[in-house]
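This is target26.pdb (PDB, C-alpha atoms, pLDDT in the B column).
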ATOM      1  CA  MET T   1       2.371   4.173  12.103  1.00 40.00           C
ATOM      2  CA  HIS T   2       2.314   0.866  13.895  1.00 40.00           C
ATOM      3  CA  VAL T   3       0.037   1.354  16.879  1.00 44.00           C
ATOM      4  CA  ALA T   4      -1.556  -1.952  17.815  1.00 44.00           C
ATOM      5  CA  GLY T   5      -0.072  -3.517  14.712  1.00 43.00           C
ATOM      6  CA  LYS T   6      -1.256  -0.750  12.413  1.00 45.00           C
ATOM      7  CA  ARG T   7       1.575   0.189  10.003  1.00 45.00           C
ATOM      8  CA  LEU T   8       5.228   1.037   9.784  1.00 41.00           C
ATOM      9  CA  CYS T   9       4.807   4.076   7.546  1.00 52.00           C
ATOM     10  CA  HIS T  10       4.821   6.665  10.302  1.00 43.00           C
ATOM     11  CA  LEU T  11       7.570   5.230  12.496  1.00 39.00           C
ATOM     12  CA  PHE T  12      11.328   5.545  12.129  1.00 35.00           C
ATOM     13  CA  ILE T  13      13.194   2.473  10.877  1.00 34.00           C
ATOM     14  CA  PRO T  14      16.989   2.825  10.923  1.00 37.00           C
ATOM     15  CA  PHE T  15      18.611   2.762   7.494  1.00 36.00           C
ATOM     16  CA  PRO T  16      19.610   0.450   5.996  1.00 38.00           C
ATOM     17  CA  ALA T  17      16.751  -1.929   6.635  1.00 36.00           C
ATOM     18  CA  ARG T  18      16.653  -3.706   3.292  1.00 34.00           C
ATOM     19  CA  THR T  19      15.743  -7.311   3.908  1.00 31.00           C
ATOM     20  CA  GLN T  20      13.877  -8.534   0.858  1.00 33.00           C
ATOM     21  CA  LEU T  21      11.341 -11.326   0.948  1.00 33.00           C
ATOM     22  CA  ARG T  22      12.263 -13.449  -2.028  1.00 33.00           C
ATOM     23  CA  SER T  23       9.429 -14.755  -4.121  1.00 32.00           C
ATOM     24  CA  LYS T  24       9.464 -18.242  -5.584  1.00 29.00           C
ATOM     25  CA  SER T  25       6.644 -17.290  -7.910  1.00 31.00           C
ATOM     26  CA  SER T  26       7.055 -18.013 -11.598  1.00 28.00           C
ATOM     27  CA  PHE T  27       4.941 -14.960 -12.393  1.00 31.00           C
ATOM     28  CA  ASN T  28       7.694 -13.403 -14.483  1.00 35.00           C
ATOM     29  CA  ARG T  29       6.248  -9.908 -14.737  1.00 37.00           C
ATOM     30  CA  PHE T  30       6.754  -9.587 -10.993  1.00 38.00           C
ATOM     31  CA  ASP T  31      10.296 -10.984 -10.954  1.00 39.00           C
ATOM     32  CA  GLU T  32      12.324 -10.371  -7.792  1.00 40.00           C
ATOM     33  CA  SER T  33      15.331  -9.128  -9.764  1.00 42.00           C
ATOM     34  CA  PRO T  34      16.792  -5.975  -8.188  1.00 48.00           C
ATOM     35  CA  ARG T  35      17.371  -4.414 -11.606  1.00 51.00           C
ATOM     36  CA  ARG T  36      15.692  -1.142 -12.520  1.00 62.00           C
ATOM     37  CA  HIS T  37      12.558  -1.569 -14.548  1.00 69.00           C
ATOM     38  CA  HIS T  38      10.199   0.562 -16.573  1.00 90.00           C
ATOM     39  CA  PHE T  39       6.675   0.562 -15.216  1.00 97.00           C
ATOM     40  CA  ASP T  40       3.830   2.079 -17.196  1.00 98.00           C
ATOM     41  CA  ARG T  41       1.759   2.497 -14.061  1.00 98.00           C
ATOM     42  CA  LEU T  42       2.466   2.792 -10.344  1.00 98.00           C
ATOM     43  CA  LEU T  43      -0.477   1.800  -8.142  1.00 98.00           C
ATOM     44  CA  VAL T  44      -0.305   3.650  -4.840  1.00 99.00           C
ATOM     45  CA  LEU T  45      -1.945   1.603  -2.076  1.00 98.00           C
ATOM     46  CA  ASP T  46      -2.539   2.342   1.600  1.00 98.00           C
ATOM     47  CA  PHE T  47      -4.885   0.122   3.613  1.00 98.00           C
ATOM     48  CA  GLU T  48      -6.555   1.078   6.874  1.00 98.00           C
ATOM     49  CA  ALA T  49      -7.394  -1.712   9.297  1.00 98.00           C
ATOM     50  CA  THR T  50      -9.205  -2.555  12.506  1.00 97.00           C
ATOM     51  CA  CYS T  51      -7.062  -1.706  15.510  1.00 96.00           C
ATOM     52  CA  ASP T  52      -7.068  -0.888  19.204  1.00 95.00           C
ATOM     53  CA  SER T  53      -4.840   1.046  21.554  1.00 91.00           C
ATOM     54  CA  LYS T  54      -3.552  -2.150  23.177  1.00 84.00           C
ATOM     55  CA  ARG T  55      -1.389  -4.076  20.743  1.00 78.00           C
ATOM     56  CA  GLY T  56      -2.463  -7.607  19.896  1.00 72.00           C
ATOM     57  CA  THR T  57      -6.043  -7.339  21.141  1.00 80.00           C
ATOM     58  CA  ILE T  58      -7.475  -7.549  17.611  1.00 91.00           C
ATOM     59  CA  ARG T  59      -6.259 -10.537  15.607  1.00 91.00           C
ATOM     60  CA  PRO T  60      -6.352 -10.779  12.734  1.00 92.00           C
ATOM     61  CA  GLN T  61      -6.628  -7.150  11.805  1.00 96.00           C
ATOM     62  CA  GLU T  62      -9.038  -6.596   8.928  1.00 98.00           C
ATOM     63  CA  ILE T  63      -8.937  -4.113   6.077  1.00 98.00           C
ATOM     64  CA  ILE T  64     -11.615  -1.442   6.463  1.00 98.00           C
ATOM     65  CA  GLU T  65     -10.448   1.023   3.800  1.00 98.00           C
ATOM     66  CA  PHE T  66      -9.064  -0.047   0.428  1.00 98.00           C
ATOM     67  CA  PRO T  67      -7.780   2.862  -1.696  1.00 98.00           C
ATOM     68  CA  VAL T  68      -5.548   2.608  -4.774  1.00 99.00           C
ATOM     69  CA  LEU T  69      -4.445   5.403  -7.107  1.00 99.00           C
ATOM     70  CA  ASN T  70      -3.325   4.631 -10.659  1.00 98.00           C
ATOM     71  CA  VAL T  71      -0.366   6.881 -11.495  1.00 98.00           C
ATOM     72  CA  GLU T  72       1.005   6.949 -15.035  1.00 97.00           C
ATOM     73  CA  THR T  73       4.759   7.313 -15.321  1.00 97.00           C
ATOM     74  CA  ASN T  74       5.197  10.035 -17.947  1.00 96.00           C
ATOM     75  CA  SER T  75       3.520  12.984 -16.233  1.00 96.00           C
ATOM     76  CA  PHE T  76       3.113  11.124 -12.915  1.00 98.00           C
ATOM     77  CA  GLU T  77      -0.506  12.223 -12.788  1.00 98.00           C
ATOM     78  CA  ILE T  78      -3.310  10.170 -11.234  1.00 98.00           C
ATOM     79  CA  VAL T  79      -5.377   8.598 -14.028  1.00 98.00           C
ATOM     80  CA  GLY T  80      -7.621   6.287 -12.021  1.00 98.00           C
ATOM     81  CA  THR T  81      -8.943   5.768  -8.486  1.00 98.00           C
ATOM     82  CA  PHE T  82     -10.293   2.745  -6.653  1.00 99.00           C
ATOM     83  CA  HIS T  83     -11.675   3.530  -3.207  1.00 98.00           C
ATOM     84  CA  ARG T  84     -13.889   1.322  -1.095  1.00 98.00           C
ATOM     85  CA  TYR T  85     -14.689   0.916   2.565  1.00 98.00           C
ATOM     86  CA  VAL T  86     -14.831  -2.707   3.706  1.00 98.00           C
ATOM     87  CA  LYS T  87     -17.032  -4.387   6.304  1.00 98.00           C
ATOM     88  CA  PRO T  88     -14.950  -6.301   8.871  1.00 98.00           C
ATOM     89  CA  GLU T  89     -16.370  -9.750   9.589  1.00 96.00           C
ATOM     90  CA  ILE T  90     -14.292 -11.153  12.464  1.00 94.00           C
ATOM     91  CA  HIS T  91     -14.398  -8.029  14.622  1.00 95.00           C
ATOM     92  CA  PRO T  92     -17.318  -6.149  13.061  1.00 97.00           C
ATOM     93  CA  THR T  93     -17.457  -3.315  15.597  1.00 97.00           C
ATOM     94  CA  LEU T  94     -14.809  -0.626  15.268  1.00 97.00           C
ATOM     95  CA  THR T  95     -13.108   0.483  18.465  1.00 96.00           C
ATOM     96  CA  PRO T  96     -13.177   4.144  19.529  1.00 96.00           C
ATOM     97  CA  PHE T  97      -9.389   4.144  19.088  1.00 96.00           C
ATOM     98  CA  CYS T  98      -9.732   2.957  15.490  1.00 97.00           C
ATOM     99  CA  THR T  99     -12.262   5.665  14.690  1.00 98.00           C
ATOM    100  CA  SER T 100     -10.101   8.312  16.337  1.00 97.00           C
ATOM    101  CA  LEU T 101      -7.017   7.172  14.408  1.00 96.00           C
ATOM    102  CA  THR T 102      -8.504   6.660  10.954  1.00 97.00           C
ATOM    103  CA  GLY T 103     -11.578   8.889  10.957  1.00 98.00           C
ATOM    104  CA  ILE T 104     -13.664   5.869   9.912  1.00 98.00           C
ATOM    105  CA  ILE T 105     -16.921   5.557  11.865  1.00 98.00           C
ATOM    106  CA  GLN T 106     -19.109   2.460  12.144  1.00 98.00           C
ATOM    107  CA  ASP T 107     -21.682   3.736   9.640  1.00 98.00           C
ATOM    108  CA  MET T 108     -18.977   3.987   6.967  1.00 98.00           C
ATOM    109  CA  VAL T 109     -18.368   0.213   7.012  1.00 98.00           C
ATOM    110  CA  GLU T 110     -21.649  -1.180   8.339  1.00 98.00           C
ATOM    111  CA  ASP T 111     -23.390  -1.631   4.984  1.00 97.00           C
ATOM    112  CA  GLU T 112     -20.269  -2.187   2.893  1.00 98.00           C
ATOM    113  CA  ALA T 113     -19.223  -5.463   1.262  1.00 98.00           C
ATOM    114  CA  PRO T 114     -16.729  -7.836   2.917  1.00 97.00           C
ATOM    115  CA  LEU T 115     -13.165  -8.079   1.675  1.00 97.00           C
ATOM    116  CA  LYS T 116     -13.795 -11.037  -0.642  1.00 96.00           C
ATOM    117  CA  THR T 117     -16.342  -9.038  -2.647  1.00 97.00           C
ATOM    118  CA  VAL T 118     -14.206  -5.892  -2.629  1.00 97.00           C
ATOM    119  CA  MET T 119     -11.255  -7.927  -3.908  1.00 97.00           C
ATOM    120  CA  GLU T 120     -13.382  -9.168  -6.786  1.00 97.00           C
ATOM    121  CA  ASP T 121     -14.422  -5.597  -7.558  1.00 98.00           C
ATOM    122  CA  PHE T 122     -10.797  -4.476  -7.375  1.00 98.00           C
ATOM    123  CA  HIS T 123      -9.777  -7.100  -9.929  1.00 98.00           C
ATOM    124  CA  LYS T 124     -12.536  -5.825 -12.226  1.00 98.00           C
ATOM    125  CA  TRP T 125     -11.184  -2.307 -11.743  1.00 98.00           C
ATOM    126  CA  LEU T 126      -7.703  -3.454 -12.760  1.00 98.00           C
ATOM    127  CA  LEU T 127      -9.259  -4.880 -15.915  1.00 98.00           C
ATOM    128  CA  SER T 128     -11.190  -1.667 -16.569  1.00 98.00           C
ATOM    129  CA  GLN T 129      -7.918   0.279 -16.336  1.00 98.00           C
ATOM    130  CA  ASP T 130      -6.345  -2.081 -18.911  1.00 98.00           C
ATOM    131  CA  LEU T 131      -3.561  -2.760 -16.424  1.00 98.00           C
ATOM    132  CA  PHE T 132      -2.959  -6.357 -17.446  1.00 98.00           C
ATOM    133  CA  ASN T 133      -1.733  -5.040 -20.776  1.00 98.00           C
ATOM    134  CA  LYS T 134       0.713  -2.725 -19.014  1.00 97.00           C
ATOM    135  CA  GLU T 135       3.666  -3.070 -16.695  1.00 97.00           C
ATOM    136  CA  PHE T 136       2.574  -2.019 -13.227  1.00 98.00           C
ATOM    137  CA  ALA T 137       3.686  -2.272  -9.625  1.00 98.00           C
ATOM    138  CA  PHE T 138       2.125  -1.388  -6.295  1.00 98.00           C
ATOM    139  CA  VAL T 139       3.711   1.375  -4.237  1.00 98.00           C
ATOM    140  CA  THR T 140       3.368   1.410  -0.456  1.00 98.00           C
ATOM    141  CA  CYS T 141       4.825   3.434   2.405  1.00 98.00           C
ATOM    142  CA  GLY T 142       6.551   0.629   4.283  1.00 97.00           C
ATOM    143  CA  ASP T 143       5.896  -3.082   3.892  1.00 98.00           C
ATOM    144  CA  TRP T 144       3.118  -3.621   6.422  1.00 97.00           C
ATOM    145  CA  ASP T 145       0.132  -3.449   4.036  1.00 98.00           C
ATOM    146  CA  LEU T 146       1.209  -6.287   1.723  1.00 98.00           C
ATOM    147  CA  LYS T 147       3.707  -8.145   3.905  1.00 98.00           C
ATOM    148  CA  GLU T 148       1.657  -8.366   7.105  1.00 96.00           C
ATOM    149  CA  LEU T 149      -1.955  -7.226   6.910  1.00 97.00           C
ATOM    150  CA  LEU T 150      -3.181  -8.767   3.668  1.00 97.00           C
ATOM    151  CA  PRO T 151      -1.479 -12.188   4.076  1.00 97.00           C
ATOM    152  CA  ARG T 152      -2.687 -12.576   7.667  1.00 95.00           C
ATOM    153  CA  GLN T 153      -6.265 -11.730   6.781  1.00 95.00           C
ATOM    154  CA  PHE T 154      -6.197 -14.042   3.762  1.00 95.00           C
ATOM    155  CA  LEU T 155      -4.724 -16.831   5.893  1.00 93.00           C
ATOM    156  CA  HIS T 156      -7.694 -16.509   8.220  1.00 90.00           C
ATOM    157  CA  THR T 157     -10.313 -16.378   5.446  1.00 89.00           C
ATOM    158  CA  GLY T 158      -8.682 -19.009   3.221  1.00 92.00           C
ATOM    159  CA  GLN T 159      -8.398 -16.650   0.245  1.00 92.00           C
ATOM    160  CA  VAL T 160      -5.545 -16.987  -2.213  1.00 95.00           C
ATOM    161  CA  ILE T 161      -3.285 -13.953  -2.590  1.00 96.00           C
ATOM    162  CA  PRO T 162      -3.239 -12.827  -6.233  1.00 97.00           C
ATOM    163  CA  ALA T 163       0.221 -12.918  -7.815  1.00 97.00           C
ATOM    164  CA  TYR T 164       0.192  -9.179  -8.418  1.00 98.00           C
ATOM    165  CA  PHE T 165       0.139  -8.580  -4.646  1.00 98.00           C
ATOM    166  CA  LYS T 166       3.305 -10.631  -4.079  1.00 98.00           C
ATOM    167  CA  SER T 167       5.795  -7.911  -4.983  1.00 98.00           C
ATOM    168  CA  TRP T 168       5.780  -4.172  -4.527  1.00 98.00           C
ATOM    169  CA  ILE T 169       7.800  -0.970  -4.219  1.00 98.00           C
ATOM    170  CA  ASN T 170       8.441   0.380  -0.724  1.00 98.00           C
ATOM    171  CA  ILE T 171       8.657   4.097  -1.512  1.00 98.00           C
ATOM    172  CA  LYS T 172      10.911   4.676   1.496  1.00 98.00           C
ATOM    173  CA  MET T 173      13.643   2.664  -0.205  1.00 98.00           C
ATOM    174  CA  ILE T 174      13.357   4.568  -3.493  1.00 98.00           C
ATOM    175  CA  PHE T 175      13.256   7.868  -1.619  1.00 98.00           C
ATOM    176  CA  ALA T 176      16.446   6.960   0.256  1.00 98.00           C
ATOM    177  CA  GLU T 177      18.237   5.863  -2.912  1.00 97.00           C
ATOM    178  CA  SER T 178      17.185   9.030  -4.748  1.00 97.00           C
ATOM    179  CA  THR T 179      17.792  11.651  -2.057  1.00 97.00           C
ATOM    180  CA  GLY T 180      20.334  10.063   0.284  1.00 97.00           C
ATOM    181  CA  VAL T 181      17.877  10.545   3.171  1.00 97.00           C
ATOM    182  CA  TYR T 182      16.062   7.596   4.710  1.00 96.00           C
ATOM    183  CA  PRO T 183      12.612   8.930   5.652  1.00 97.00           C
ATOM    184  CA  ARG T 184      11.231   8.401   9.120  1.00 94.00           C
ATOM    185  CA  ASN T 185       7.675   8.482   7.849  1.00 96.00           C
ATOM    186  CA  LEU T 186       5.355   9.979   5.244  1.00 98.00           C
ATOM    187  CA  PRO T 187       5.364  13.510   6.756  1.00 97.00           C
ATOM    188  CA  HIS T 188       9.178  13.413   6.687  1.00 97.00           C
ATOM    189  CA  MET T 189       9.137  12.667   2.948  1.00 98.00           C
ATOM    190  CA  LEU T 190       6.629  15.441   2.304  1.00 98.00           C
ATOM    191  CA  SER T 191       8.689  17.913   4.312  1.00 97.00           C
ATOM    192  CA  HIS T 192      11.951  16.983   2.595  1.00 97.00           C
ATOM    193  CA  ALA T 193      10.281  17.370  -0.803  1.00 98.00           C
ATOM    194  CA  ASN T 194       8.689  20.720   0.188  1.00 98.00           C
ATOM    195  CA  LEU T 195       5.230  19.263  -0.361  1.00 98.00           C
ATOM    196  CA  VAL T 196       2.133  20.279   1.602  1.00 97.00           C
ATOM    197  CA  GLN T 197       0.308  17.442   3.337  1.00 97.00           C
ATOM    198  CA  SER T 198      -3.197  16.883   2.014  1.00 95.00           C
ATOM    199  CA  GLY T 199      -5.983  15.740   4.345  1.00 97.00           C
ATOM    200  CA  ARG T 200      -5.327  13.749   7.497  1.00 96.00           C
ATOM    201  CA  LEU T 201      -2.839  11.046   8.344  1.00 95.00           C
ATOM    202  CA  HIS T 202      -4.290   7.540   8.612  1.00 96.00           C
ATOM    203  CA  SER T 203      -7.057   8.308   6.162  1.00 98.00           C
ATOM    204  CA  GLY T 204      -6.230   5.708   3.523  1.00 98.00           C
ATOM    205  CA  ILE T 205      -7.262   7.827   0.547  1.00 98.00           C
ATOM    206  CA  ASP T 206      -5.498  10.932   1.901  1.00 98.00           C
ATOM    207  CA  ASP T 207      -2.345   8.933   2.591  1.00 98.00           C
ATOM    208  CA  CYS T 208      -2.501   7.604  -0.977  1.00 98.00           C
ATOM    209  CA  ARG T 209      -2.739  11.137  -2.358  1.00 98.00           C
ATOM    210  CA  ASN T 210       0.243  12.221  -0.285  1.00 98.00           C
ATOM    211  CA  ILE T 211       2.274   9.171  -1.322  1.00 98.00           C
ATOM    212  CA  ALA T 212       1.343   9.891  -4.946  1.00 98.00           C
ATOM    213  CA  ALA T 213       2.679  13.427  -4.501  1.00 98.00           C
ATOM    214  CA  VAL T 214       5.980  11.954  -3.300  1.00 98.00           C
ATOM    215  CA  VAL T 215       5.980   9.562  -6.273  1.00 98.00           C
ATOM    216  CA  ARG T 216       5.579  12.552  -8.591  1.00 98.00           C
ATOM    217  CA  PHE T 217       8.404  14.409  -6.818  1.00 98.00           C
ATOM    218  CA  LEU T 218      10.688  11.414  -7.194  1.00 98.00           C
ATOM    219  CA  GLY T 219       9.712  10.802 -10.802  1.00 97.00           C
ATOM    220  CA  LEU T 220       9.915  14.356 -12.110  1.00 97.00           C
ATOM    221  CA  GLN T 221      12.434  16.105  -9.866  1.00 97.00           C
ATOM    222  CA  GLN T 222      14.700  13.237  -8.840  1.00 97.00           C
ATOM    223  CA  ASN T 223      14.449  11.098 -11.991  1.00 95.00           C
ATOM    224  CA  SER T 224      14.161   8.112  -9.681  1.00 96.00           C
ATOM    225  CA  GLN T 225      14.722   4.610 -10.972  1.00 94.00           C
ATOM    226  CA  TRP T 226      11.836   2.413  -9.916  1.00 97.00           C
ATOM    227  CA  ARG T 227      12.403  -1.176  -8.848  1.00 96.00           C
ATOM    228  CA  LEU T 228      10.573  -3.813  -6.876  1.00 97.00           C
ATOM    229  CA  THR T 229      11.920  -3.749  -3.316  1.00 97.00           C
ATOM    230  CA  SER T 230       9.825  -6.318  -1.428  1.00 97.00           C
ATOM    231  CA  PHE T 231       8.490  -9.799  -2.107  1.00 97.00           C
ATOM    232  CA  LEU T 232       6.265 -12.439  -0.527  1.00 96.00           C
ATOM    233  CA  GLU T 233       7.322 -16.049  -0.382  1.00 85.00           C
ATOM    234  CA  ASP T 234       4.931 -18.600  -1.819  1.00 74.00           C
TER     235      ASP T 234
END
Representation of the structure as structure tokens:
Amino acid sequence: MHVAGKRLCHLFIPFPARTQLRSKSSFNRFDESPRRHHFDRLLVLDFEATCDSKRGTIRPQEIIEFPVLNVETNSFEIVGTFHRYVKPEIHPTLTPFCTSLTGIIQDMVEDEAPLKTVMEDFHKWLLSQDLFNKEFAFVTCGDWDLKELLPRQFLHTGQVIPAYFKSWINIKMIFAESTGVYPRNLPHMLSHANLVQSGRLHSGIDDCRNIAAVVRFLGLQQNSQWRLTSFLED
């Protein structure tokens, strides 16, 4: 969904739409090579952000929900969860539209830590999951989360984007390559895979669980070949 700059996951994008953002990073484990690769873990990520009904009225948008599911690639089961709400600092008051869309009310972010602290906690979580001794990649529904939202917020705050956020797997691309159907959105993928939607759309953690269900479908029933599809330039 991309209301007021929200996300591309729930809108139709004609296939093929395969422009890759080439990385100049020398971080070899996240090479931009299009070859298939074995990943030990797939980290399903789906941010929620400040937004309003009128596009462009909130700039930059800020992350207010930060969920990540750690999916291992043998059984494709979830083996770890990171889930935090985040206090927005530039536009600290959520709009009624944002609450209606995401289900996140002001009290859920009011006493939470800002993004810088949550990022530090997320890095500690990656360490606790022993992920730096494994091959892993982030999985998103569309490119908006890591191509648009995170870089724009970091540009405003002066934070440096960690190398592991500079490449990721757009599950729409893998779904299209595996099934021959380019999905309009997350519900379309669930429907095509005969999966029941869990929770509500635009809840970050619920979206992650639904994306993880699609990952499992692709891994176990389609024998999908996972590859990095999208990259940030340095």
Q: Might you pull out every residue within 6 Å of region 137-139 of chain T, with all atoms listed in the file counted and same-chain residues fewer than 3 positions away left off, and present them as a PyMOL selection string?
A: chain T and resi 42-44+168-170
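Atom to atom, CA of Val181 (chain T) and CA of Gln221 (chain T) stand 15.2 Å apart.
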**Q.** Selection: 12 Å around Ile174 (chain T), all atoms listed in the file, excl. self and same-chain fewer than 3 positions, as a PyMOL selection string
**A.** chain T and resi 18+36+139-142+168-171+177-183+189+214-215+217-219+222-230
Would you save the residues of that selection, restricted to C-alpha atoms, as a short mmCIF file (atom, residue, chain, number, x, y, z; two decimals), keeping the file's coordinate frame?
data_model
loop_
_atom_site.label_atom_id
_atom_site.label_comp_id
_atom_site.auth_asym_id
_atom_site.auth_seq_id
_atom_site.Cartn_x
_atom_site.Cartn_y
_atom_site.Cartn_z
CA ARG T 18 16.65 -3.71 3.29
CA ARG T 36 15.69 -1.14 -12.52
CA VAL T 139 3.71 1.38 -4.24
CA THR T 140 3.37 1.41 -0.46
CA CYS T 141 4.82 3.43 2.40
CA GLY T 142 6.55 0.63 4.28
CA TRP T 168 5.78 -4.17 -4.53
CA ILE T 169 7.80 -0.97 -4.22
CA ASN T 170 8.44 0.38 -0.72
CA ILE T 171 8.66 4.10 -1.51
CA GLU T 177 18.24 5.86 -2.91
CA SER T 178 17.18 9.03 -4.75
CA THR T 179 17.79 11.65 -2.06
CA GLY T 180 20.33 10.06 0.28
CA VAL T 181 17.88 10.54 3.17
CA TYR T 182 16.06 7.60 4.71
CA PRO T 183 12.61 8.93 5.65
CA MET T 189 9.14 12.67 2.95
CA VAL T 214 5.98 11.95 -3.30
CA VAL T 215 5.98 9.56 -6.27
CA PHE T 217 8.40 14.41 -6.82
CA LEU T 218 10.69 11.41 -7.19
CA GLY T 219 9.71 10.80 -10.80
CA GLN T 222 14.70 13.24 -8.84
CA ASN T 223 14.45 11.10 -11.99
CA SER T 224 14.16 8.11 -9.68
CA GLN T 225 14.72 4.61 -10.97
CA TRP T 226 11.84 2.41 -9.92
CA ARG T 227 12.40 -1.18 -8.85
CA LEU T 228 10.57 -3.81 -6.88
CA THR T 229 11.92 -3.75 -3.32
CA SER T 230 9.82 -6.32 -1.43
#
**Q.** Within 9 Å of region 194-200 of chain T using all atoms listed in the file, minus same-chain residues under 5 positions, as a ChimeraX atom specification
**A.** /T:102-103,187,189,205-207,209-210,213-214,217
Q: Between CA of Asp143 (chain T) and CA of Cys51 (chain T), measure the distance and give it in Å to one decimal.
A: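 Interatomic distance, CA of Asp143 (chain T) to CA of Cys51 (chain T): 17.5 Å.
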Q: Using CA of His38 (chain T) and CA of Ala176 (chain T) as the two end points, give the distance in Å to one decimal.
A: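 These two atoms are separated by 19.1 Å.
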For region 119-129 of chain T, what centre and edge lengths in Å (one decimal) does the axis-aligned box get once 8 Å is added on each side of all its listed atoms, as lines of an AutoDock Vina configuration file?
center_x = -11.1
center_y = -4.4
center_z = -10.2
size_x = 22.7
size_y = 25.4
size_z = 28.7
Q: Using all atoms listed in the file, find the one residue out of T:Glu148, T:Arg216, T:Ser53, T:Asn74 that sits nearest to Leu94 (chain T).
A: T:Ser53
Q) Pick from T:Arg84, T:Lys147, T:Lys172, T:His123: nearest to Leu190 (chain T), with only C-alpha atoms counted? A)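 Selected residue with least distance to Leu190 (chain T): T:Lys172.
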Q: Expand the PyMOL selection byres ((chain T and resi 98) around 12) into the individual residues it matches in the shown file, reporting them as a PyMOL selection string.
A: chain T and resi 3-6+48-54+58+61-65+91+93-97+99-106+202-203
Q: Given the file shown, enumerate the residues that the PyMOL selection byres ((chain T and resi 161) around 12) captures and present them as a count of residues only.
A: 28
**Q.** Asn70 (chain T) surroundings by all atoms listed in the file, 12 Å radius, close-in-sequence under 4 positions cut, as a PyMOL selection string
**A.** chain T and resi 39-45+76-83+125-126+128-131+134+136-139+208-209+211-212+215
May I have the selected residues written with C-alpha atoms, as a PDB file, in the coordinates of the input?
ATOM      1  CA  PHE T  39       6.675   0.562 -15.216  1.00 97.00           C
ATOM      2  CA  ASP T  40       3.830   2.079 -17.196  1.00 98.00           C
ATOM      3  CA  ARG T  41       1.759   2.497 -14.061  1.00 98.00           C
ATOM      4  CA  LEU T  42       2.466   2.792 -10.344  1.00 98.00           C
ATOM      5  CA  LEU T  43      -0.477   1.800  -8.142  1.00 98.00           C
ATOM      6  CA  VAL T  44      -0.305   3.650  -4.840  1.00 99.00           C
ATOM      7  CA  LEU T  45      -1.945   1.603  -2.076  1.00 98.00           C
ATOM      8  CA  PHE T  76       3.113  11.124 -12.915  1.00 98.00           C
ATOM      9  CA  GLU T  77      -0.506  12.223 -12.788  1.00 98.00           C
ATOM     10  CA  ILE T  78      -3.310  10.170 -11.234  1.00 98.00           C
ATOM     11  CA  VAL T  79      -5.377   8.598 -14.028  1.00 98.00           C
ATOM     12  CA  GLY T  80      -7.621   6.287 -12.021  1.00 98.00           C
ATOM     13  CA  THR T  81      -8.943   5.768  -8.486  1.00 98.00           C
ATOM     14  CA  PHE T  82     -10.293   2.745  -6.653  1.00 99.00           C
ATOM     15  CA  HIS T  83     -11.675   3.530  -3.207  1.00 98.00           C
ATOM     16  CA  TRP T 125     -11.184  -2.307 -11.743  1.00 98.00           C
ATOM     17  CA  LEU T 126      -7.703  -3.454 -12.760  1.00 98.00           C
ATOM     18  CA  SER T 128     -11.190  -1.667 -16.569  1.00 98.00           C
ATOM     19  CA  GLN T 129      -7.918   0.279 -16.336  1.00 98.00           C
ATOM     20  CA  ASP T 130      -6.345  -2.081 -18.911  1.00 98.00           C
ATOM     21  CA  LEU T 131      -3.561  -2.760 -16.424  1.00 98.00           C
ATOM     22  CA  LYS T 134       0.713  -2.725 -19.014  1.00 97.00           C
ATOM     23  CA  PHE T 136       2.574  -2.019 -13.227  1.00 98.00           C
ATOM     24  CA  ALA T 137       3.686  -2.272  -9.625  1.00 98.00           C
ATOM     25  CA  PHE T 138       2.125  -1.388  -6.295  1.00 98.00           C
ATOM     26  CA  VAL T 139       3.711   1.375  -4.237  1.00 98.00           C
ATOM     27  CA  CYS T 208      -2.501   7.604  -0.977  1.00 98.00           C
ATOM     28  CA  ARG T 209      -2.739  11.137  -2.358  1.00 98.00           C
ATOM     29  CA  ILE T 211       2.274   9.171  -1.322  1.00 98.00           C
ATOM     30  CA  ALA T 212       1.343   9.891  -4.946  1.00 98.00           C
ATOM     31  CA  VAL T 215       5.980   9.562  -6.273  1.00 98.00           C
TER      32      VAL T 215
END
**Q.** Top pick for closest residue to Leu201 (chain T), considering T:Leu186, T:Leu127, T:Pro67, T:Glu112 and counting all atoms listed in the file
**A.**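 Going through T:Leu186, T:Leu127, T:Pro67, T:Glu112 one by one, the smallest distance to Leu201 (chain T) is for T:Leu186.
Between Phe122 (chain T) and the residues T:Arg55, T:His192, T:Phe47, T:Val68, the shortest atom-to-atom distance, using all atoms listed in the file, involves T:Val68.
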